[in-house]
file model-v6.csv (CSV, C-alpha atoms and all ligand atoms)
chain,number,residue,atom,x,y,z
A,3,MET,CA,-56.1,80.1,77.5
A,4,LYS,CA,-58.3,81.9,80.1
A,5,SER,CA,-56.0,83.8,82.3
A,6,LEU,CA,-55.9,84.9,85.9
A,7,ARG,CA,-57.5,88.4,86.3
A,8,LYS,CA,-55.7,89.7,89.3
A,9,LEU,CA,-53.4,89.0,92.3
A,10,GLN,CA,-54.3,90.1,95.8
A,11,LEU,CA,-51.1,91.6,97.3
A,12,PRO,CA,-50.3,93.5,100.5
A,13,HIS,CA,-50.3,96.8,98.6
A,14,GLY,CA,-53.5,96.2,96.6
A,15,HIS,CA,-54.9,94.2,93.7
A,16,LEU,CA,-52.6,93.8,90.8
A,17,ARG,CA,-54.5,93.4,87.6
A,18,LEU,CA,-53.2,91.0,85.0
A,19,PRO,CA,-51.5,90.9,82.6
A,20,VAL,CA,-49.1,93.6,83.8
A,21,PHE,CA,-45.8,95.1,82.7
A,22,LEU,CA,-43.5,96.1,85.6
A,23,PRO,CA,-40.9,98.8,84.8
A,24,ASP,CA,-37.5,97.8,86.3
A,25,ALA,CA,-36.5,100.1,89.1
A,26,THR,CA,-33.5,97.9,89.6
A,27,ARG,CA,-31.7,100.2,92.0
A,28,GLY,CA,-34.8,101.7,93.6
A,29,VAL,CA,-35.5,104.2,90.8
A,30,VAL,CA,-36.9,104.1,87.3
A,31,ARG,CA,-34.3,106.4,85.8
A,32,ALA,CA,-35.4,110.0,85.3
A,33,LEU,CA,-38.8,109.4,86.9
A,34,ASP,CA,-40.2,109.8,90.4
A,35,SER,CA,-43.1,107.8,91.7
A,36,SER,CA,-45.7,110.4,90.8
A,37,ASP,CA,-44.5,110.3,87.2
A,38,LEU,CA,-45.0,106.5,87.2
A,39,SER,CA,-48.5,107.0,88.6
A,40,ARG,CA,-49.3,109.5,85.9
A,41,CYS,CA,-48.3,106.9,83.3
A,42,GLY,CA,-50.7,104.4,84.9
A,43,VAL,CA,-48.0,102.1,86.1
A,44,GLU,CA,-49.5,99.7,88.7
A,45,ALA,CA,-46.4,98.0,90.1
A,46,VAL,CA,-42.6,98.1,89.7
A,47,GLN,CA,-39.8,95.5,90.0
A,48,MET,CA,-36.7,96.0,92.0
A,49,ASN,CA,-33.6,93.9,92.6
A,50,VAL,CA,-32.5,92.7,96.0
A,51,PHE,CA,-28.9,92.2,95.0
A,52,HIS,CA,-28.3,95.8,93.8
A,53,LEU,CA,-30.3,97.3,96.7
A,54,MET,CA,-28.3,95.4,99.3
A,55,LEU,CA,-25.2,97.0,97.9
A,56,LYS,CA,-26.7,100.5,97.6
A,57,PRO,CA,-28.2,102.0,99.6
A,58,GLY,CA,-27.7,98.9,101.7
A,59,SER,CA,-30.0,96.8,103.8
A,60,SER,CA,-29.6,98.8,107.0
A,61,VAL,CA,-30.7,102.0,105.3
A,62,ILE,CA,-33.7,100.3,103.7
A,63,LYS,CA,-34.7,98.8,107.1
A,64,ALA,CA,-34.2,102.1,108.8
A,65,MET,CA,-36.6,103.7,106.3
A,66,ASN,CA,-39.2,101.0,107.0
A,67,GLY,CA,-38.8,99.3,103.6
A,68,LEU,CA,-38.8,100.1,99.9
A,69,HIS,CA,-42.3,101.6,99.7
A,70,GLN,CA,-41.5,104.3,102.2
A,71,LEU,CA,-38.0,105.0,100.8
A,72,PHE,CA,-39.3,105.0,97.2
A,73,GLY,CA,-42.5,106.9,98.0
A,74,TRP,CA,-44.5,104.3,96.2
A,75,PRO,CA,-47.8,103.0,97.6
A,76,LEU,CA,-48.5,100.2,95.0
A,77,PRO,CA,-47.0,96.7,94.7
A,78,ILE,CA,-43.3,96.1,94.4
A,79,VAL,CA,-41.9,92.8,93.1
A,80,THR,CA,-38.3,92.1,94.1
A,81,ASP,CA,-36.0,89.9,92.1
A,82,SER,CA,-33.8,87.6,94.1
A,83,GLY,CA,-30.4,88.2,92.7
A,84,GLY,CA,-30.5,85.0,90.6
A,85,PHE,CA,-30.1,86.8,87.4
A,86,GLN,CA,-26.9,88.3,88.7
A,87,VAL,CA,-25.5,84.7,88.8
A,88,TYR,CA,-25.8,84.7,85.0
A,89,SER,CA,-25.0,88.3,84.2
A,90,LEU,CA,-22.0,88.6,86.6
A,91,ILE,CA,-20.6,85.3,87.8
A,92,ARG,CA,-21.3,83.0,84.8
A,93,GLN,CA,-20.1,85.6,82.3
A,94,ASN,CA,-17.0,86.6,84.3
A,95,PRO,CA,-15.8,84.5,87.2
A,96,LYS,CA,-13.7,87.4,88.6
A,97,TYR,CA,-17.0,88.8,89.9
A,98,GLY,CA,-17.7,85.9,92.2
A,99,SER,CA,-18.3,82.2,92.7
A,100,LEU,CA,-21.2,79.9,93.2
A,101,THR,CA,-21.5,77.1,95.7
A,102,GLU,CA,-24.2,74.9,97.1
A,103,ARG,CA,-24.5,77.3,100.0
A,104,GLY,CA,-25.1,80.4,97.9
A,105,MET,CA,-23.1,83.0,96.0
A,106,VAL,CA,-20.1,85.1,96.8
A,107,PHE,CA,-19.8,88.3,94.8
A,108,HIS,CA,-16.9,90.6,94.3
A,109,PRO,CA,-18.6,93.8,93.3
A,110,ASP,CA,-16.7,95.7,90.5
A,111,GLY,CA,-14.2,92.8,90.5
A,112,SER,CA,-12.8,94.1,93.9
A,113,THR,CA,-11.7,92.0,96.9
A,114,ARG,CA,-14.8,93.1,98.8
A,115,ARG,CA,-17.0,90.0,99.4
A,116,VAL,CA,-20.8,90.0,99.4
A,117,ASN,CA,-22.6,86.8,100.3
A,118,LEU,CA,-26.1,86.0,99.1
A,119,THR,CA,-27.8,82.8,100.2
A,120,PRO,CA,-31.3,81.6,99.5
A,121,GLU,CA,-32.3,82.4,103.1
A,122,LYS,CA,-30.7,85.8,103.0
A,123,SER,CA,-32.4,86.7,99.7
A,124,ILE,CA,-35.8,85.8,101.2
A,125,ARG,CA,-35.1,87.6,104.5
A,126,LEU,CA,-34.1,90.8,102.7
A,127,GLN,CA,-37.0,90.8,100.3
A,128,MET,CA,-39.4,90.3,103.2
A,129,ASP,CA,-37.7,93.0,105.3
A,130,TYR,CA,-37.9,95.3,102.3
A,131,GLY,CA,-41.7,94.9,102.2
A,132,ALA,CA,-41.9,93.2,98.8
A,133,ASP,CA,-45.3,92.2,97.6
A,134,ILE,CA,-44.0,89.3,95.5
A,135,VAL,CA,-40.8,87.6,96.7
A,136,ILE,CA,-38.8,85.5,94.2
A,137,CYS,CA,-36.7,82.5,95.2
A,138,LEU,CA,-33.0,82.7,94.6
A,139,ASP,CA,-32.2,80.6,91.5
A,140,ASP,CA,-29.2,79.6,89.3
A,141,CYS,CA,-29.8,81.4,86.0
A,142,THR,CA,-28.3,80.1,82.8
A,143,HIS,CA,-28.2,81.0,79.1
A,144,VAL,CA,-29.9,78.5,76.7
A,145,ASP,CA,-26.7,77.9,74.9
A,146,GLU,CA,-24.9,76.5,78.0
A,147,PRO,CA,-24.2,72.7,77.9
A,148,LEU,CA,-26.4,70.0,79.3
A,149,SER,CA,-24.1,69.6,82.4
A,150,ALA,CA,-24.4,73.2,83.3
A,151,GLN,CA,-28.2,73.1,82.8
A,152,GLN,CA,-28.5,70.0,85.0
A,153,GLU,CA,-26.4,71.6,87.7
A,154,SER,CA,-28.6,74.8,87.5
A,155,VAL,CA,-31.8,72.8,87.8
A,156,GLU,CA,-30.6,70.8,90.8
A,157,ARG,CA,-29.4,73.9,92.6
A,158,THR,CA,-32.5,75.9,91.8
A,159,ILE,CA,-34.7,73.1,93.2
A,160,LYS,CA,-32.6,72.8,96.4
A,161,TRP,CA,-32.4,76.6,96.9
A,162,ALA,CA,-36.2,76.9,96.2
A,163,ALA,CA,-36.9,74.4,99.1
A,164,ARG,CA,-34.6,76.5,101.4
A,165,CYS,CA,-36.3,79.7,100.3
A,166,LYS,CA,-39.8,78.2,101.0
A,167,ALA,CA,-38.6,77.1,104.5
A,168,GLU,CA,-37.2,80.5,105.3
A,169,PHE,CA,-40.3,82.2,103.9
A,170,THR,CA,-42.6,80.0,106.0
A,171,ARG,CA,-40.5,80.5,109.1
A,172,ARG,CA,-40.6,84.3,108.7
A,173,LEU,CA,-44.4,84.2,108.2
A,174,ASP,CA,-44.8,82.1,111.3
A,175,CYS,CA,-42.7,84.4,113.4
A,176,GLY,CA,-44.3,87.7,112.3
A,177,ARG,CA,-47.7,88.9,113.0
A,178,ARG,CA,-49.1,90.1,109.7
A,179,PRO,CA,-52.6,91.4,109.3
A,180,SER,CA,-54.6,89.2,106.9
A,181,GLY,CA,-54.1,90.2,103.3
A,182,LYS,CA,-50.6,91.4,104.1
A,183,ARG,CA,-48.8,88.2,103.3
A,184,PRO,CA,-46.5,88.6,100.3
A,185,LEU,CA,-46.6,85.9,97.6
A,186,LEU,CA,-43.6,83.6,96.9
A,187,PHE,CA,-42.6,82.7,93.4
A,188,ALA,CA,-40.1,80.1,92.3
A,189,VAL,CA,-38.2,80.1,89.0
A,190,VAL,CA,-38.3,77.3,86.4
A,191,GLN,CA,-34.8,76.6,85.0
A,192,GLY,CA,-33.6,74.0,82.5
A,193,GLY,CA,-32.4,76.0,79.5
A,194,GLY,CA,-33.4,74.4,76.2
A,195,TYR,CA,-33.9,70.9,77.6
A,196,ARG,CA,-37.6,70.0,77.9
A,197,GLU,CA,-36.9,67.1,80.3
A,198,LEU,CA,-35.0,69.4,82.7
A,199,ARG,CA,-37.7,72.1,82.5
A,200,ARG,CA,-40.3,69.4,83.3
A,201,ARG,CA,-38.3,68.0,86.2
A,202,CYS,CA,-37.7,71.5,87.6
A,203,ALA,CA,-41.4,72.5,87.3
A,204,GLU,CA,-42.6,69.3,88.9
A,205,GLU,CA,-40.3,69.5,91.8
A,206,LEU,CA,-41.2,73.2,92.4
A,207,LEU,CA,-44.9,72.4,92.2
A,208,GLU,CA,-44.3,69.7,94.8
A,209,ILE,CA,-42.7,72.2,97.2
A,210,GLU,CA,-45.7,74.5,96.6
A,211,PHE,CA,-45.4,78.2,95.6
A,212,ASP,CA,-47.9,81.0,94.9
A,213,GLY,CA,-46.6,81.5,91.4
A,214,PHE,CA,-43.7,80.9,89.1
A,215,GLY,CA,-41.2,82.6,86.8
A,216,LEU,CA,-39.7,81.7,83.5
A,217,GLY,CA,-36.0,81.2,84.3
A,218,GLY,CA,-33.0,81.7,82.1
A,219,TRP,CA,-32.2,84.3,79.5
A,220,PRO,CA,-35.4,84.3,77.3
A,221,LEU,CA,-33.6,84.9,74.0
A,222,ASP,CA,-31.4,82.7,71.9
A,223,SER,CA,-28.0,83.8,70.6
A,224,GLY,CA,-29.7,85.4,67.6
A,225,GLY,CA,-31.9,87.5,69.8
A,226,ASN,CA,-35.0,85.5,69.1
A,227,LEU,CA,-37.6,84.7,71.8
A,228,LEU,CA,-37.4,81.0,72.8
A,229,LEU,CA,-41.1,80.6,72.0
A,230,GLU,CA,-41.3,76.8,72.0
A,231,MET,CA,-39.7,76.5,75.4
A,232,ILE,CA,-41.7,79.4,76.8
A,233,ALA,CA,-44.9,77.7,75.6
A,234,TYR,CA,-43.8,74.4,77.2
A,235,VAL,CA,-43.1,76.0,80.6
A,236,ARG,CA,-46.6,77.4,80.6
A,237,GLU,CA,-47.9,73.9,79.9
A,238,LEU,CA,-46.0,72.6,82.8
A,239,VAL,CA,-47.4,75.1,85.3
A,240,PRO,CA,-51.1,74.7,85.9
A,241,PRO,CA,-53.2,77.7,84.8
A,242,GLN,CA,-54.3,78.6,88.4
A,243,PHE,CA,-50.7,79.8,89.0
A,244,PRO,CA,-49.5,83.2,87.7
A,245,LEU,CA,-46.4,83.0,85.5
A,246,HIS,CA,-43.9,85.8,85.2
A,247,ALA,CA,-41.9,86.1,82.0
A,248,LEU,CA,-38.8,87.4,83.8
A,249,GLY,CA,-36.8,89.9,81.6
A,250,VAL,CA,-39.4,89.9,78.8
A,251,GLY,CA,-40.4,93.5,77.8
A,252,GLN,CA,-40.0,93.9,74.0
A,253,PRO,CA,-43.6,94.8,72.9
A,254,ASP,CA,-43.9,91.9,70.4
A,255,SER,CA,-42.5,89.5,73.0
A,256,VAL,CA,-45.0,90.6,75.6
A,257,VAL,CA,-47.8,90.0,73.2
A,258,ALA,CA,-46.5,86.6,72.2
A,259,CYS,CA,-46.0,85.5,75.9
A,260,ALA,CA,-49.4,86.9,76.9
A,261,SER,CA,-51.1,84.8,74.2
A,262,LEU,CA,-49.3,81.8,75.7
A,263,GLY,CA,-50.7,82.5,79.2
A,264,TYR,CA,-48.0,84.6,80.9
A,265,GLN,CA,-49.3,87.4,83.0
A,266,LEU,CA,-46.3,89.3,84.5
A,267,PHE,CA,-43.5,91.0,82.5
A,268,ASP,CA,-40.6,93.1,83.5
A,269,SER,CA,-37.7,94.6,81.5
A,270,THR,CA,-35.4,97.6,81.3
A,271,MET,CA,-35.9,97.7,77.6
A,272,PRO,CA,-38.8,100.2,77.2
A,273,THR,CA,-37.1,102.7,79.5
A,274,ARG,CA,-33.6,102.1,78.1
A,275,ASP,CA,-35.0,102.5,74.6
A,276,ALA,CA,-36.6,105.8,75.6
A,277,ARG,CA,-33.3,107.2,77.0
A,278,HIS,CA,-31.6,106.2,73.7
A,279,GLY,CA,-34.2,107.9,71.6
A,280,ARG,CA,-36.2,104.8,70.4
A,281,LEU,CA,-39.8,105.6,71.1
A,282,TYR,CA,-42.8,103.3,70.6
A,283,ARG,CA,-45.9,104.2,68.6
A,284,PHE,CA,-49.2,102.3,68.1
A,285,THR,CA,-50.1,102.0,64.4
A,286,HIS,CA,-53.8,102.4,65.3
A,287,HIS,CA,-55.6,103.6,68.4
A,288,PRO,CA,-54.6,101.1,71.1
A,289,ALA,CA,-58.3,100.4,72.0
A,290,ALA,CA,-58.8,99.2,68.4
A,291,SER,CA,-55.5,97.5,67.9
A,292,SER,CA,-55.5,93.9,66.8
A,293,LEU,CA,-51.9,93.5,68.3
A,294,ASP,CA,-51.3,91.5,65.1
A,295,GLY,CA,-49.1,92.2,62.1
A,296,LYS,CA,-47.4,95.6,62.1
A,297,TRP,CA,-49.3,96.9,65.1
A,298,TYR,CA,-46.6,99.3,66.4
A,299,SER,CA,-43.5,101.1,65.1
A,300,TYR,CA,-40.4,102.8,66.3
A,301,VAL,CA,-39.8,106.6,66.2
A,302,TYR,CA,-36.1,107.4,66.2
A,303,ILE,CA,-36.0,110.8,67.7
A,304,ASN,CA,-32.5,111.6,66.4
A,305,ASP,CA,-33.7,111.4,62.8
A,306,ALA,CA,-33.5,114.8,60.9
A,307,GLU,CA,-37.1,114.4,59.8
A,308,HIS,CA,-38.3,115.5,63.3
A,309,ILE,CA,-36.5,118.9,63.3
A,310,ARG,CA,-39.6,120.8,62.3
A,311,ALA,CA,-42.3,118.2,63.1
A,312,GLY,CA,-45.1,119.9,65.0
A,313,ARG,CA,-47.0,116.7,65.9
A,314,PRO,CA,-46.5,114.6,69.0
A,315,ILE,CA,-44.8,111.2,69.0
A,316,SER,CA,-48.3,109.6,68.8
A,317,VAL,CA,-51.7,111.1,68.3
A,318,HIS,CA,-53.0,108.0,70.1
A,319,CYS,CA,-51.0,108.7,73.3
A,320,ASP,CA,-52.3,110.8,76.2
A,321,CYS,CA,-48.9,110.9,78.1
A,322,LEU,CA,-47.4,114.1,79.5
A,323,CYS,CA,-45.1,114.3,76.5
A,324,CYS,CA,-47.6,113.7,73.7
A,325,SER,CA,-50.2,116.0,75.4
A,326,ASN,CA,-47.9,118.9,75.5
A,327,TYR,CA,-44.8,118.7,73.3
A,328,SER,CA,-43.9,118.2,69.6
A,329,LEU,CA,-41.4,115.9,68.0
A,330,ALA,CA,-39.4,119.0,67.1
A,331,TYR,CA,-39.1,120.0,70.8
A,332,LEU,CA,-38.2,116.4,71.8
A,333,HIS,CA,-35.6,116.2,69.0
A,334,HIS,CA,-34.1,119.4,70.3
A,335,LEU,CA,-34.0,118.2,73.9
A,336,TYR,CA,-32.3,115.0,72.7
A,337,LYS,CA,-29.7,116.9,70.7
A,338,VAL,CA,-28.7,119.1,73.7
A,339,SER,CA,-28.8,116.0,76.0
A,340,ASP,CA,-31.2,117.7,78.4
A,341,PRO,CA,-32.4,115.5,81.3
A,342,LEU,CA,-36.0,116.6,80.4
A,343,PHE,CA,-35.7,114.4,77.3
A,344,TYR,CA,-35.1,111.3,79.5
A,345,ARG,CA,-38.1,112.1,81.6
A,346,LEU,CA,-40.5,112.8,78.7
A,347,ALA,CA,-39.3,109.9,76.6
A,348,THR,CA,-39.4,107.4,79.4
A,349,MET,CA,-42.9,108.5,80.4
A,350,HIS,CA,-44.1,108.1,76.8
A,351,ASN,CA,-42.7,104.5,76.4
A,352,LEU,CA,-44.1,103.5,79.8
A,353,ARG,CA,-47.5,104.9,78.9
A,354,PHE,CA,-47.3,102.8,75.7
A,355,MET,CA,-46.6,99.7,77.8
A,356,VAL,CA,-49.5,100.5,80.1
A,357,GLN,CA,-51.8,100.9,77.1
A,358,LEU,CA,-50.5,97.7,75.7
A,359,THR,CA,-51.3,95.7,78.8
A,360,GLN,CA,-54.7,97.3,79.0
A,361,ARG,CA,-55.4,96.1,75.5
A,362,LEU,CA,-54.1,92.6,76.4
A,363,ARG,CA,-56.6,92.5,79.2
A,364,GLU,CA,-59.3,93.2,76.7
A,365,VAL,CA,-58.1,90.8,74.1
A,366,HIS,CA,-57.6,88.0,76.6
A,367,GLY,CA,-60.8,88.6,78.5
A,368,THR,CA,-59.3,89.5,81.8
A,369,LEU,CA,-61.2,92.8,82.1
B,1,ZN,ZN,-46.9,109.7,74.6
call {"tool": "encode", "arguments": {"input": "model-v6.csv", "output": "structure tokens"}}
result
Amino acid sequence: MKSLRKLQLPHGHLRLPVFLPDATRGVVRALDSSDLSRCGVEAVQMNVFHLMLKPGSSVIKAMNGLHQLFGWPLPIVTDSGGFQVYSLIRQNPKYGSLTERGMVFHPDGSTRRVNLTPEKSIRLQMDYGADIVICLDDCTHVDEPLSAQQESVERTIKWAARCKAEFTRRLDCGRRPSGKRPLLFAVVQGGGYRELRRRCAEELLEIEFDGFGLGGWPLDSGGNLLLEMIAYVRELVPPQFPLHALGVGQPDSVVACASLGYQLFDSTMPTRDARHGRLYRFTHHPAASSLDGKWYSYVYINDAEHIRAGRPISVHCDCLCCSNYSLAYLHHLYKVSDPLFYRLATMHNLRFMVQLTQRLREVHGTL
């Protein structure tokens, strides 16, 4: 499928496909924004729910938004808080409840109440200066029963309509220079039920959005990517609309979804893997990689084989770590739990993801 090449956003063009590191709480752990730039990262994803708890909306507004606070000049995508419905409330009701109006959270299981409605989610994301704003949705796991999936789809559609109304109202009120309008994405829910996915996509297309996201946890209970449903959602959303594979970041999964026509990806996996000593390595030079078969492998830095290894993680990588340091030094930093290990390893895995998306642009003809 011929894919979109880029999105025009308030903080510049975003080339597609793109992987967005998750800076959930306003930071990609262990890195500052100049480290991200050095890796070639072109945009990051943050989470409105976590940011409204800490540092809090009044602080972010006082600092004139996330770009200024974070020291980051390029696009920021903000997630709505919908995933927290799944990860907190659905998995453990003591963390909050869900109503037609919105959600009530009890952070850390305390008696403190935090409300999040569709309107509030949009308002905060726009106040924060997000380049792509995502509608609040009701996220489910594919294993949940039909009744839960039906409820999620109905709520997601209603909330999306309220989000669109609030987004439009805020655009009409504000005086934004041309080209400074953020994009609004809605999320297609429906679990493993094709009919529900179809209904959700059709209703959302009717409301009209700039782009869409793949809703729900993208893996089955065995940890396998829900490829059939992922392909079906792309079929439901016409190709002129960008589609974000929310939460997808495992390298093979990114390649699989990109081949199906998805253009945006975000996940904590590459950075979390880095901190835990699982590093990614291309089998061949990325510019010549087929992205097929065994095109990459893992390096487990804790392995004793690296104690005296003078080579870098990858001879195909030009990151700060591979340009200057050996596996032996990284192994040592890991063993003594030095924060420098987290920085170097994270920069390496992010550089790998950037090289991967550059290769995907070549393979899918978007360069
Ligand atoms: Zn590297």
call {"tool": "closest_atom_pairs", "arguments": {"input": "model-v6.csv", "of": "chain A", "to": "ligand ZN 1 (chain B)", "cutoff": "6 Å", "atoms": "all atoms listed in the file", "output": "tab-separated table"}}
result
residue	atom	partner	partner_atom	distance
A:Ser316	CA	B:ZN1	ZN	6.0
A:Cys319	CA	B:ZN1	ZN	4.4
A:Asp320	CA	B:ZN1	ZN	5.7
A:Cys321	CA	B:ZN1	ZN	4.2
A:Cys323	CA	B:ZN1	ZN	5.3
A:Cys324	CA	B:ZN1	ZN	4.2
A:His350	CA	B:ZN1	ZN	3.9
call {"tool": "residues_around", "arguments": {"input": "model-v6.csv", "residues": "Leu11 (chain A)", "least_positions_apart": "4", "cutoff": "7 Å", "atoms": "only C-alpha atoms", "output": "PyMOL selection string"}}
result
chain A and resi 15+133+181-182+184
call {"tool": "atom_distance", "arguments": {"input": "model-v6.csv", "atom1": "CA of Arg345 (chain A)", "atom2": "CA of Asp254 (chain A)"}}
result
23.8 Å
call {"tool": "atom_distance", "arguments": {"input": "model-v6.csv", "atom1": "CA of Leu186 (chain A)", "atom2": "CA of Ala150 (chain A)"}}
result
25.7 Å
call {"tool": "residues_around", "arguments": {"input": "model-v6.csv", "residues": "region 263-279 of chain A", "least_positions_apart": "3", "cutoff": "8 Å", "atoms": "all atoms listed in the file", "output": "PyMOL selection string"}}
result
chain A and resi 3-6+18-24+30-31+47+236+241+244-252+256+259-260+301-304+336+343-344+347-348+350-352+355
call {"tool": "residues_around", "arguments": {"input": "model-v6.csv", "residues": "Gly73 (chain A)", "least_positions_apart": "2", "cutoff": "10 Å", "atoms": "only C-alpha atoms", "output": "list in words"}}
result
Asp34, Ser35, Ser36, Leu68, His69, Gln70, Leu71, Pro75 and Leu76 of chain A
call {"tool": "write_last_selection", "arguments": {"input": "model-v6.csv", "atoms": "C-alpha atoms", "output": "compact mmCIF listing (two decimals), keeping the file's coordinate frame"}}
result
# COMPACT_ATOMS: atom_id res chain seq x y z
CA ASP A 34 -40.20 109.80 90.40
CA SER A 35 -43.10 107.80 91.70
CA SER A 36 -45.70 110.40 90.80
CA LEU A 68 -38.80 100.10 99.90
CA HIS A 69 -42.30 101.60 99.70
CA GLN A 70 -41.50 104.30 102.20
CA LEU A 71 -38.00 105.00 100.80
CA PRO A 75 -47.80 103.00 97.60
CA LEU A 76 -48.50 100.20 95.00
call {"tool": "atom_distance", "arguments": {"input": "model-v6.csv", "atom1": "CA of Ile136 (chain A)", "atom2": "CA of Asp81 (chain A)"}}
result
5.6 Å
call {"tool": "closest_residue", "arguments": {"input": "model-v6.csv", "among": "A:His108, A:Arg196, A:Arg201, A:His52", "to": "Val29 (chain A)", "atoms": "all atoms listed in the file"}}
result
A:His52
call {"tool": "residues_around", "arguments": {"input": "model-v6.csv", "residues": "Thr158 (chain A)", "least_positions_apart": "5", "cutoff": "10 Å", "atoms": "all atoms listed in the file", "output": "NGL selection string"}}
result
:A and (84 or 102 or 120 or 137-141 or 152-153 or 163-164 or 188-192 or 202 or 206 or 217)
call {"tool": "closest_residue", "arguments": {"input": "model-v6.csv", "among": "A:Val239, A:Leu16, A:Val338, A:Val50", "to": "Asp129 (chain A)", "atoms": "all atoms listed in the file"}}
result
A:Val50
call {"tool": "decode", "arguments": {"input": "model-v6.csv", "residues": "region 165-176 of chain A", "atoms": "C-alpha atoms", "output": "short mmCIF file (atom, residue, chain, number, x, y, z; two decimals), in the first residue's frame"}}
result
data_model
loop_
_atom_site.label_atom_id
_atom_site.label_comp_id
_atom_site.auth_asym_id
_atom_site.auth_seq_id
_atom_site.Cartn_x
_atom_site.Cartn_y
_atom_site.Cartn_z
CA CYS A 165 -13.78 15.45 21.92
CA LYS A 166 -14.33 16.72 18.37
CA ALA A 167 -16.83 19.32 19.60
CA GLU A 168 -14.43 20.56 22.28
CA PHE A 169 -11.50 20.58 19.84
CA THR A 170 -13.50 22.62 17.30
CA ARG A 171 -14.75 25.00 19.96
CA ARG A 172 -11.21 25.63 21.20
CA LEU A 173 -9.93 26.19 17.65
CA ASP A 174 -12.73 28.66 16.98
CA CYS A 175 -11.97 30.56 20.20
CA GLY A 176 -8.23 30.79 19.73
#
